[in-house]
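Visitor: One structure coming up, written as C-alpha cells, with questions to follow.
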Amino acid sequence: MTDKVKNDMFKQNGHHLQPFMVCCVNELPEEQKEYLYTSWAGIFYREFFCRLDEKPFAVLYSNVPSRPNVPVNVLVGLEYLKAGNGWTDQEMHEAFRFNMQVRYALGYDEFEAGNFELRTLYNFRERLSRYMQETGINLLEKAFEQVTDEQISAYQLKTGKQRMDSTQVASNIREVGRLQLLVEVLQRVYRMFTKEDQGHYAEAFAPYIQGHAGQYVYHLKGQDTSEHLQKIGELMQHLLVELQPSYDQEPVYQMFARVFSEHFRVEEKGLKTKLGKELSASSLQSPDDLEATYRQKNNKSFRGYVANLTETCDPENDLQLVTKVQVASNHTDDAELLVEALPDLKKRTDLDTLYTDGAFGSPAADKTLQDHQVEQIQTAIRGRIPSNEKLSLSDFEIKLAESKKPVQITCPQGQTVAVHSSSQKKAYVSHFEDEVCLACPLFLKCPVRRGKRDLRFHLRFNQNQVNMSERRQRSQIHLEEGRNLRAAIEATVRQVKHPFPASKLPVRGKFRVTCMIIGSAMVTNVRRIQHYLEVKTKRENEQIEVQKEQECSPEQPSVSFFISLRAIFRVWLDFVTPNQVSFAF
C-alpha cells in the first residue's frame with residue numbers, strides 16, 4: 001500500500017463493549033429494548049459485528065502515529081448491510097446516521113457518536129481494492145469466512161454434507177451492440193488525447209464524437225453496418241501504430257489495443273472484420289467493466305459474472321449457513337469453480353460429501369475430489385444419457401483400490417474378473433469367459449465384445465469413464481432414496497440475489513461484484529440465525545406453557561388424565577358406533 005493511501009493509524013474498536021449508562025437505547029421502554037435486542041439488528045451485532053476480527057485489516061493502515069481510523073468493523077458492517085439490503089451509498093449513509101437499528105447493529109447506542117463522511121468509506125474501498133491487486137487477497141472474503149467459521153462452531157453445525165450451485169449476475173453496464181461499443185472506445189481514446197493531439201486528429205474523429213455512441217448508431221438504423229465497422233477498424237489500425245510511443249502505458253490505449261485484436265484480424269490482403277461468431281466470450285463487453293464477459297445459457301444472453309455459492313446441508317442441522325462465495329467470469333465452467341473452492345472448504349470444514357448438479361463434473365474435478373477424499377453426488381450427469389436398450393459401464397460394479405484405480409469388475413449377470421492395464425498403460429481392459437458371455441441373456445445389450453486379434457471377450461475403459469460411472473451410480477442411488485439435498489441451494493441463490501433486481505448489481509468490476517455478493521451472503525446467514533433463534537425461543541416458550549398446564553395442584557385432577565380419558569372415549573365410540581354417532585371435541 002502507498003503512503004498516500006495509508007494515511008490513518010489502525011486501532012481496534014472496543015468502545016461498543018462499554019456502553020453508556022445514559023443513551024438513546026437505555027431510554028427506550030423495556031418492550032422496545034427487548035425487540036431491538038432480538039431483531040435483526042441485535043443478531044447482526046452479536047453474530048457478525050462482535051465476531052469480526054479487525055486485525056487482518058491493519059495492513060491497510062499506516063504504522064506511523066497519526067489520527068485513528070474509523071472502526072473497521074463499522075465500515076465492513078456497512079458494506080455488508082448495503083449489499084444485503086440493496087441500498088445505494090446515500091441510502092446506506094442515511095441509515096447509519098438516522099436509523100437506530102442500523103446504529104445498534106454497528107455497536108452504537110446513541111446518535112451522536114461515530115459519524116463520518118461518506119468519502120471515508122470510498123477511501124476504505126480503495127484500500128481494499130489496492131491490497132487485492134497487490135496480494136490477490138480479498139480481505140472482505142477472509143472476514144466472511146472467519147465469521148462464518150465461528151458461527152458454525154458456536155451453533156455446532158455439521159459440515160460434512162454441503163451443496164453447491166452457480167448463478168449468473170450482471171454487471172452495472174449497458175447492453176450495447178458491437179458498433180456502439182467500438183464508437184464508445186474511440187470516444188474514450190479521443191478524451192485521452194492532449195489538446196494538441198485532439199486538434200491533430202479532429203478530422204479523423206469527427207464522425208464519432210458528435211454526441212454519444214448511441215446517437216451514432218441510431219442514425220444508421222436499418223443500414224448495413226459492415227462498411228462502418230471496416231472504416232473504424234482501419235482507423236484503429238492506423239492509430240495503434242501512431243499512438244504507441246506516447247500512450248502505450250495508458251489504460252485507455254491498452255483497452256483500445258485489446259478491442260482491436262478482438263474484433264479485427266490483419267491478413268496479407270488487408271484488414272478483415274471478424275464475424276460475430278468468431279468473437280470470444282471473454283471479449284470486452286463495456287469500457288466501464290474490463291472484466292465482464294458474455295455467455296449464452298438456456299437461450300438467454302448474460303453480460304457480467306458467475307457467482308458460486310456453497311452451504312451446509314446436513315439434515316440434522318436446524319440451521320444451514322453459506323460457507324463459501326466465489327465470483328468469476330461468467331464463461332467459467334462450474335467444474336473449475338468446484339476445483340478452486342474444494343481445498344479451502346476441506347481445510348475450514350469437515351466436508352466429505354458435496355451435492356451438485358451435472359455441470360460440476362469433469363476429470364479435473366474428479367481428481368480434486370479424490371485428492372481431498374470428498375464424495376460428489378450429482379442430481380444429473382453431464383453428457384449423453386445411457387440408452388435403456390444397452391448396458392453401460394455404470395451398470396457394472398467396479399471395485400477400486402485406495403488409489404481409486406479399478407482392480408476388479410462385475411457384470412450385471414454376476415461374472416467377476418480382474419482389471420488389467422492396457423498395453424499402452426493409458427486405459428484398462430477386462431477379459432470375460434467366452435462360455436458365460438455367449439450364454440448370457442444380456443449378450444446383445446452388453447458392451448463386452450470379442451476382439452479381432454485377441455479373440456477373448458473383453459471390455460476396455462479409461463479412468464475418466466470409471467469416474468463418470470461412479471458419479472452416475474451415486475446419482476442414481478440418491479434419486480432412488482427420494483431425498484434431493486441439493487434442491488434447496490436454489491432458494492439460497494435467490495435469497496443472496498434478492499437485493500439486486502433482475503440479478504443486476506449496482507457496481508462494476510469483478511472485485512466490487514465479489515464484495516457485494518459476499519455481503520449479501522453474510523446478511524443471509526444473519527437472517528437465518530435470527531429465524532432459527534426465533535423458532536427456538538418459540539418452542540421453548542411453548543414447552544414452558546405445557547409444563548405449567550401439567551403442573552396442577554394436588555386438589556385438582558391432572559390435565560393429562562382428562563386427555564387420556566378423552567382418547568379412550570374416542571376409541572370406544574369408533575368401535576361401538578363408528579357410523580351412527582358423531583361427537584365434536
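The chains in the C-alpha cells are called A, B, ... from first to last as shown; in each chain the residues are counted from 1, and the ligands are counted from 1 in the order shown.
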Could you build a table of the residues in range 406-522 of chain A lying no more than 7 Å from range 322-329 of chain A, giving for each the nearest pair of atoms and their separation in Å rounded to one decimal place, using only C-alpha atoms, ordered by chain and ascending residue number, as JSON lines?

Guide:
```
{"residue": "A:Thr514", "atom": "CA", "partner": "A:Val327", "partner_atom": "CA", "distance": 5.6}
{"residue": "A:Ile518", "atom": "CA", "partner": "A:Val325", "partner_atom": "CA", "distance": 6.2}
{"residue": "A:Ala521", "atom": "CA", "partner": "A:Val322", "partner_atom": "CA", "distance": 6.7}
```

Visitor: What's around Asn388 in chain A at 12 Å? Count only C-alpha atoms, leave out sequence neighbours fewer than 4 positions away in its own chain, and write the answer as a CSV table (one decimal) with C-alpha atoms, in the first residue's frame.

Guide:
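Just written: out06.csv:
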```
chain,number,residue,atom,x,y,z
A,392,SER,CA,-23.2,-49.0,-20.0
A,395,ASP,CA,-24.3,-51.0,-15.0
A,445,LYS,CA,-27.1,-55.3,-24.9
A,446,CYS,CA,-23.7,-55.8,-23.3
```

Visitor: So which one's closest to Gly77 in chain A, A:Val419, A:Arg103, A:Ser282, A:Cys411? Using only C-alpha atoms, please.

Guide: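 Nearest to Gly77 in chain A: A:Arg103.
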
Visitor: Please produce, as CSV, a per-residue contact table for range 481-524 of chain A versus range 138-144 of chain A (criterion: any atom at most 12 Å away, only C-alpha atoms considered), showing the nearest atom pair and its distance in Å to one decimal, sorted by chain then residue number.

Guide:
```
residue,atom,partner,partner_atom,distance
A:Lys510,CA,A:Asn138,CA,11.3
A:Phe511,CA,A:Asn138,CA,8.2
A:Arg512,CA,A:Asn138,CA,10.4
A:Val513,CA,A:Glu141,CA,11.9
A:Thr514,CA,A:Glu141,CA,8.3
A:Cys515,CA,A:Leu140,CA,6.6
A:Met516,CA,A:Leu140,CA,9.8
A:Ile517,CA,A:Glu141,CA,9.9
A:Ile518,CA,A:Glu141,CA,6.6
A:Gly519,CA,A:Phe144,CA,8.0
A:Ser520,CA,A:Phe144,CA,10.5
A:Ala521,CA,A:Phe144,CA,8.6
A:Met522,CA,A:Phe144,CA,6.7
A:Val523,CA,A:Phe144,CA,10.2
A:Thr524,CA,A:Phe144,CA,11.8
```

Visitor: So that I have them on file, write out the residues from the current selection with C-alpha atoms, as a PDB file, in the first residue's frame.

Guide:
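Just written: part-v2.pdb:
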```
ATOM      1  CA  LYS A 510     -15.017  -8.364 -10.501  1.00  0.00           C
ATOM      2  CA  PHE A 511     -13.722  -7.090  -7.152  1.00  0.00           C
ATOM      3  CA  ARG A 512     -16.741  -4.900  -6.391  1.00  0.00           C
ATOM      4  CA  VAL A 513     -19.185  -7.565  -7.618  1.00  0.00           C
ATOM      5  CA  THR A 514     -17.458 -10.123  -5.371  1.00  0.00           C
ATOM      6  CA  CYS A 515     -17.709  -7.823  -2.347  1.00  0.00           C
ATOM      7  CA  MET A 516     -21.426  -7.261  -2.959  1.00  0.00           C
ATOM      8  CA  ILE A 517     -22.213 -10.975  -3.252  1.00  0.00           C
ATOM      9  CA  ILE A 518     -20.157 -11.722  -0.108  1.00  0.00           C
ATOM     10  CA  GLY A 519     -22.006  -9.007   1.822  1.00  0.00           C
ATOM     11  CA  SER A 520     -25.395 -10.295   0.749  1.00  0.00           C
ATOM     12  CA  ALA A 521     -24.394 -13.859   1.702  1.00  0.00           C
ATOM     13  CA  MET A 522     -23.360 -12.710   5.184  1.00  0.00           C
ATOM     14  CA  VAL A 523     -26.646 -10.872   5.718  1.00  0.00           C
ATOM     15  CA  THR A 524     -28.453 -14.017   4.528  1.00  0.00           C
TER      16      THR A 524
END
```

Visitor: So that each row is one residue of range 152-207 of chain A with an atom at most 10 Å from range 246-249 of chain A, can you give its shortest atom pair and the distance in Å to one decimal, using only C-alpha atoms, rows by chain and rising number, as CSV?

Guide:
```
residue,atom,partner,partner_atom,distance
A:Val189,CA,A:Tyr247,CA,9.9
A:Met192,CA,A:Tyr247,CA,8.8
A:Phe193,CA,A:Tyr247,CA,8.8
```

Visitor: Those residues you just picked out, can you put them in a file as a PDB file, in the first residue's frame with all heavy atoms?

Guide:
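Now in again-v9.pdb:
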```
ATOM      1  N   VAL A 189     -10.699   7.121 -26.421  1.00  0.00           N
ATOM      2  CA  VAL A 189      -9.358   7.423 -26.925  1.00  0.00           C
ATOM      3  C   VAL A 189      -9.222   8.927 -27.178  1.00  0.00           C
ATOM      4  O   VAL A 189      -8.203   9.537 -26.823  1.00  0.00           O
ATOM      5  CB  VAL A 189      -9.073   6.627 -28.212  1.00  0.00           C
ATOM      6  CG1 VAL A 189      -7.768   7.097 -28.848  1.00  0.00           C
ATOM      7  CG2 VAL A 189      -8.997   5.138 -27.901  1.00  0.00           C
ATOM      8  N   MET A 192      -8.672  10.837 -24.137  1.00  0.00           N
ATOM      9  CA  MET A 192      -7.343  10.582 -23.575  1.00  0.00           C
ATOM     10  C   MET A 192      -6.302  11.548 -24.135  1.00  0.00           C
ATOM     11  O   MET A 192      -5.290  11.839 -23.484  1.00  0.00           O
ATOM     12  CB  MET A 192      -6.938   9.135 -23.885  1.00  0.00           C
ATOM     13  CG  MET A 192      -5.523   8.755 -23.485  1.00  0.00           C
ATOM     14  SD  MET A 192      -5.055   7.107 -24.094  1.00  0.00           S
ATOM     15  CE  MET A 192      -4.960   7.419 -25.878  1.00  0.00           C
ATOM     16  N   PHE A 193      -6.535  12.066 -25.333  1.00  0.00           N
ATOM     17  CA  PHE A 193      -5.552  12.901 -26.026  1.00  0.00           C
ATOM     18  C   PHE A 193      -5.258  14.196 -25.273  1.00  0.00           C
ATOM     19  O   PHE A 193      -6.095  14.730 -24.534  1.00  0.00           O
ATOM     20  CB  PHE A 193      -6.062  13.286 -27.421  1.00  0.00           C
ATOM     21  CG  PHE A 193      -6.035  12.157 -28.416  1.00  0.00           C
ATOM     22  CD1 PHE A 193      -6.900  12.175 -29.510  1.00  0.00           C
ATOM     23  CD2 PHE A 193      -5.168  11.090 -28.298  1.00  0.00           C
ATOM     24  CE1 PHE A 193      -6.888  11.164 -30.447  1.00  0.00           C
ATOM     25  CE2 PHE A 193      -5.147  10.072 -29.224  1.00  0.00           C
ATOM     26  CZ  PHE A 193      -6.013  10.102 -30.296  1.00  0.00           C
TER      27      PHE A 193
END
```

Visitor: Find the residues around Ser421 in chain A up to 10 Å (only C-alpha atoms counted), leave out those fewer than 4 positions away in its own chain, and share them as a PyMOL selection string.

Guide: chain A and resi 405-407+425-430+460-462

Visitor: Using only C-alpha atoms, which of the listed residues (A:Phe44, A:Gln162, A:Tyr37, A:Arg539) sits closest to Gln320 in chain A?

Guide: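 Using only C-alpha atoms, the shortest distance to Gln320 in chain A belongs to A:Gln162.
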
Visitor: Can you list every residue in range 163-213 of chain A that DSSP puts in strand (DSSP E or B), as a count of residues only?

Guide: 8

Visitor: Each residue of range 449-561 of chain A with at least one atom at most 8 Å from range 359-381 of chain A should appear once, together with its nearest atom pair and the corresponding distance in Å (one decimal); atoms considered: only C-alpha atoms; ordering: chain, then increasing residue number; output as CSV.

Guide:
```
residue,atom,partner,partner_atom,distance
A:Asn464,CA,A:Pro363,CA,6.0
A:Asn467,CA,A:Asp366,CA,6.7
A:Arg471,CA,A:Ile377,CA,6.5
A:Arg472,CA,A:Ile381,CA,6.4
A:Arg474,CA,A:Ile377,CA,5.9
A:Ser475,CA,A:Gln378,CA,5.3
A:His478,CA,A:Ile377,CA,7.5
A:Leu479,CA,A:Thr379,CA,7.4
A:Asn484,CA,A:Thr379,CA,7.7
A:Arg486,CA,A:Thr379,CA,7.6
```

Visitor: Env of range 495-506 of chain A: 6 Å cut, atoms = only C-alpha atoms, seq-sep filter 4 positions within chain, self excluded. Answer as a list in words.

Guide: Asn85, Gly86, Val169, Ala170, Ser171, Asn172, Ser520 and Ala521 of chain A

Visitor: Just to be explicit: take each residue in the selection above, keep C-alpha atoms, and write the result as a CSV table (one decimal), in the first residue's frame.

Guide:
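To be explicit, this is the file written out as result_13.csv:
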```csv
chain,number,residue,atom,x,y,z
A,85,ASN,CA,-30.5,-4.6,1.6
A,86,GLY,CA,-29.7,-3.3,-1.9
A,169,VAL,CA,-25.1,-12.0,-12.1
A,170,ALA,CA,-25.0,-8.9,-14.3
A,171,SER,CA,-22.5,-6.0,-14.0
A,172,ASN,CA,-23.9,-2.5,-14.0
A,520,SER,CA,-25.4,-10.3,0.7
A,521,ALA,CA,-24.4,-13.9,1.7
```

Visitor: Quick one: residues within 9 Å of Leu229 in chain A, only C-alpha atoms, excluding same-chain residues fewer than 6 positions away - as a list of chain:residue names?

Guide: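 Skipping anything fewer than 6 positions along the chain leaves A:Arg178, A:Leu179, A:Leu182, A:Thr273.
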
Visitor: Please provide as a PyMOL selection string all residues within 12 Å of Tyr253 in chain A, with the sequence filter that same-chain residues fewer than 5 positions apart are discarded (counting only C-alpha atoms).

Guide: chain A and resi 185-193+236+239-248+258-260+287

Visitor: Selection from above, C-alpha atoms, as a PDB file, in the first residue's frame, can you write it?

Guide:
```
ATOM      1  CA  VAL A 185     -13.961   3.083 -27.299  1.00  0.00           C
ATOM      2  CA  LEU A 186     -12.935   5.649 -29.948  1.00  0.00           C
ATOM      3  CA  GLN A 187     -14.531   8.407 -27.867  1.00  0.00           C
ATOM      4  CA  ARG A 188     -12.528   7.272 -24.830  1.00  0.00           C
ATOM      5  CA  VAL A 189      -9.358   7.423 -26.925  1.00  0.00           C
ATOM      6  CA  TYR A 190     -10.175  10.966 -28.055  1.00  0.00           C
ATOM      7  CA  ARG A 191     -10.735  12.082 -24.458  1.00  0.00           C
ATOM      8  CA  MET A 192      -7.343  10.582 -23.575  1.00  0.00           C
ATOM      9  CA  PHE A 193      -5.552  12.901 -26.026  1.00  0.00           C
ATOM     10  CA  MET A 236      -7.938   1.870 -35.221  1.00  0.00           C
ATOM     11  CA  LEU A 239      -3.943   4.901 -34.591  1.00  0.00           C
ATOM     12  CA  LEU A 240      -2.424   1.920 -32.792  1.00  0.00           C
ATOM     13  CA  VAL A 241       0.887   2.472 -34.549  1.00  0.00           C
ATOM     14  CA  GLU A 242       0.961   6.262 -34.274  1.00  0.00           C
ATOM     15  CA  LEU A 243      -0.120   6.466 -30.631  1.00  0.00           C
ATOM     16  CA  GLN A 244       2.083   3.733 -29.226  1.00  0.00           C
ATOM     17  CA  PRO A 245       5.177   5.862 -28.471  1.00  0.00           C
ATOM     18  CA  SER A 246       3.203   8.396 -26.428  1.00  0.00           C
ATOM     19  CA  TYR A 247       0.292   6.462 -24.974  1.00  0.00           C
ATOM     20  CA  ASP A 248       1.208   2.775 -24.712  1.00  0.00           C
ATOM     21  CA  ARG A 258      -7.399  -5.199 -26.818  1.00  0.00           C
ATOM     22  CA  VAL A 259     -10.640  -4.271 -28.589  1.00  0.00           C
ATOM     23  CA  PHE A 260      -8.906  -4.024 -31.958  1.00  0.00           C
ATOM     24  CA  PRO A 287     -15.327   0.141 -21.496  1.00  0.00           C
TER      25      PRO A 287
END
```

Visitor: Enumerate the residues of range 311-464 of chain A with a DSSP assignment of alpha helix (DSSP H), computed from the backbone, and present them as a PyMOL selection string.

Guide: chain A and resi 334-348+363-371+434-438+463-464

Visitor: Please write the residues from the selection above to a file, keeping N, CA and C atoms, as a JSON list (two decimals), in the first residue's frame.

Guide:
```
[["chain", "number", "residue", "atom", "x", "y", "z"],
["A", 334, "ASP", "N", -18.48, -24.55, -14.37],
["A", 334, "ASP", "CA", -18.81, -24.83, -12.97],
["A", 334, "ASP", "C", -17.80, -25.77, -12.32],
["A", 335, "ALA", "N", -17.30, -26.74, -13.08],
["A", 335, "ALA", "CA", -16.33, -27.68, -12.53],
["A", 335, "ALA", "C", -15.04, -26.96, -12.10],
["A", 336, "GLU", "N", -14.66, -25.90, -12.81],
["A", 336, "GLU", "CA", -13.48, -25.11, -12.43],
["A", 336, "GLU", "C", -13.71, -24.44, -11.08],
["A", 337, "LEU", "N", -14.92, -23.97, -10.85],
["A", 337, "LEU", "CA", -15.24, -23.33, -9.56],
["A", 337, "LEU", "C", -15.17, -24.35, -8.43],
["A", 338, "LEU", "N", -15.60, -25.57, -8.69],
["A", 338, "LEU", "CA", -15.50, -26.62, -7.68],
["A", 338, "LEU", "C", -14.04, -26.91, -7.34],
["A", 339, "VAL", "N", -13.22, -27.04, -8.37],
["A", 339, "VAL", "CA", -11.79, -27.32, -8.17],
["A", 339, "VAL", "C", -11.14, -26.21, -7.34],
["A", 340, "GLU", "N", -11.52, -24.98, -7.61],
["A", 340, "GLU", "CA", -10.94, -23.84, -6.89],
["A", 340, "GLU", "C", -11.40, -23.80, -5.44],
["A", 341, "ALA", "N", -12.67, -24.14, -5.19],
["A", 341, "ALA", "CA", -13.24, -23.99, -3.84],
["A", 341, "ALA", "C", -12.89, -25.13, -2.91],
["A", 342, "LEU", "N", -12.68, -26.32, -3.44],
["A", 342, "LEU", "CA", -12.59, -27.51, -2.60],
["A", 342, "LEU", "C", -11.45, -27.48, -1.57],
["A", 343, "PRO", "N", -10.23, -27.09, -1.92],
["A", 343, "PRO", "CA", -9.16, -27.10, -0.91],
["A", 343, "PRO", "C", -9.49, -26.25, 0.31],
["A", 344, "ASP", "N", -10.04, -25.05, 0.08],
["A", 344, "ASP", "CA", -10.36, -24.17, 1.21],
["A", 344, "ASP", "C", -11.52, -24.74, 2.03],
["A", 345, "LEU", "N", -12.54, -25.28, 1.36],
["A", 345, "LEU", "CA", -13.66, -25.87, 2.09],
["A", 345, "LEU", "C", -13.21, -27.06, 2.94],
["A", 346, "LYS", "N", -12.33, -27.88, 2.38],
["A", 346, "LYS", "CA", -11.83, -29.04, 3.11],
["A", 346, "LYS", "C", -10.98, -28.60, 4.31],
["A", 347, "LYS", "N", -10.25, -27.53, 4.16],
["A", 347, "LYS", "CA", -9.40, -27.03, 5.24],
["A", 347, "LYS", "C", -10.23, -26.44, 6.37],
["A", 348, "ARG", "N", -11.29, -25.72, 6.02],
["A", 348, "ARG", "CA", -12.08, -24.99, 7.02],
["A", 348, "ARG", "C", -13.19, -25.83, 7.65],
["A", 363, "PRO", "N", -13.06, -34.37, -15.45],
["A", 363, "PRO", "CA", -11.89, -35.14, -14.98],
["A", 363, "PRO", "C", -11.07, -34.40, -13.93],
["A", 364, "ALA", "N", -10.91, -33.08, -14.12],
["A", 364, "ALA", "CA", -10.14, -32.31, -13.13],
["A", 364, "ALA", "C", -10.86, -32.28, -11.79],
["A", 365, "ALA", "N", -12.19, -32.17, -11.83],
["A", 365, "ALA", "CA", -12.96, -32.17, -10.58],
["A", 365, "ALA", "C", -12.86, -33.54, -9.90],
["A", 366, "ASP", "N", -12.92, -34.61, -10.70],
["A", 366, "ASP", "CA", -12.79, -35.96, -10.13],
["A", 366, "ASP", "C", -11.48, -36.12, -9.38],
["A", 367, "LYS", "N", -10.39, -35.63, -9.98],
["A", 367, "LYS", "CA", -9.07, -35.76, -9.35],
["A", 367, "LYS", "C", -9.01, -34.95, -8.05],
["A", 368, "THR", "N", -9.53, -33.73, -8.08],
["A", 368, "THR", "CA", -9.50, -32.89, -6.89],
["A", 368, "THR", "C", -10.34, -33.51, -5.78],
["A", 369, "LEU", "N", -11.49, -34.04, -6.12],
["A", 369, "LEU", "CA", -12.34, -34.70, -5.14],
["A", 369, "LEU", "C", -11.64, -35.91, -4.53],
["A", 370, "GLN", "N", -10.97, -36.68, -5.36],
["A", 370, "GLN", "CA", -10.24, -37.85, -4.86],
["A", 370, "GLN", "C", -9.09, -37.43, -3.96],
["A", 371, "ASP", "N", -8.36, -36.39, -4.36],
["A", 371, "ASP", "CA", -7.22, -35.94, -3.57],
["A", 371, "ASP", "C", -7.65, -35.48, -2.17],
["A", 434, "ASP", "N", -15.65, -66.84, -22.30],
["A", 434, "ASP", "CA", -16.42, -66.97, -23.54],
["A", 434, "ASP", "C", -17.75, -67.67, -23.31],
["A", 435, "GLU", "N", -17.69, -68.81, -22.63],
["A", 435, "GLU", "CA", -18.90, -69.62, -22.47],
["A", 435, "GLU", "C", -19.98, -68.88, -21.69],
["A", 436, "VAL", "N", -19.55, -68.15, -20.66],
["A", 436, "VAL", "CA", -20.51, -67.40, -19.84],
["A", 436, "VAL", "C", -21.14, -66.28, -20.65],
["A", 437, "CYS", "N", -20.33, -65.57, -21.42],
["A", 437, "CYS", "CA", -20.85, -64.44, -22.21],
["A", 437, "CYS", "C", -21.80, -64.92, -23.31],
["A", 438, "LEU", "N", -21.46, -66.00, -23.99],
["A", 438, "LEU", "CA", -22.29, -66.48, -25.08],
["A", 438, "LEU", "C", -23.65, -66.97, -24.58],
["A", 463, "GLN", "N", -9.82, -44.19, -17.06],
["A", 463, "GLN", "CA", -10.09, -43.69, -15.70],
["A", 463, "GLN", "C", -11.23, -42.67, -15.68],
["A", 464, "ASN", "N", -11.30, -41.82, -16.70],
["A", 464, "ASN", "CA", -12.39, -40.84, -16.75],
["A", 464, "ASN", "C", -13.75, -41.53, -16.81]]
```

Visitor: Need the shell around Asp318 in chain A: protein/DNA/RNA residues with any atom at most 12 Å away, counting only C-alpha atoms. Skip same-chain ones fewer than 2 positions apart. Format as a list of chain:residue names?

Guide: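 Once the nearby chain positions are removed, what remains is A:Ile152, A:Tyr155, A:Gln156, A:Leu157, A:Lys158, A:Thr312, A:Cys313, A:Asp314, A:Pro315, A:Glu316, A:Gln320, A:Leu321, A:Arg528, A:Ile529, A:His531, A:Tyr532, A:Leu533, A:Val535, A:Lys536.
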
Visitor: Choose the residue, out of A:Asp454, A:Glu262, A:Glu94, A:Glu267, that has the smallest atom-to-atom separation from Leu279 in chain A; count only C-alpha atoms.

Guide: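 Answer, going by the shortest atom-to-atom distance: A:Glu262.
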
Visitor: So how far away is CA of Leu118 in chain A from CA of His93 in chain A, in Å?

Guide: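 Here the two named atoms are 6.7 Å from each other.
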
Visitor: Please compute the CA of Val176 in chain A-CA of Gln296 in chain A distance, one decimal, in Å.

Guide: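 Distance between the two atoms: 15.6 Å.
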
Visitor: Expressed in Å to a single decimal, how great is the separation between CA of Val64 in chain A and CA of Met9 in chain A?

Guide: 6.7 Å
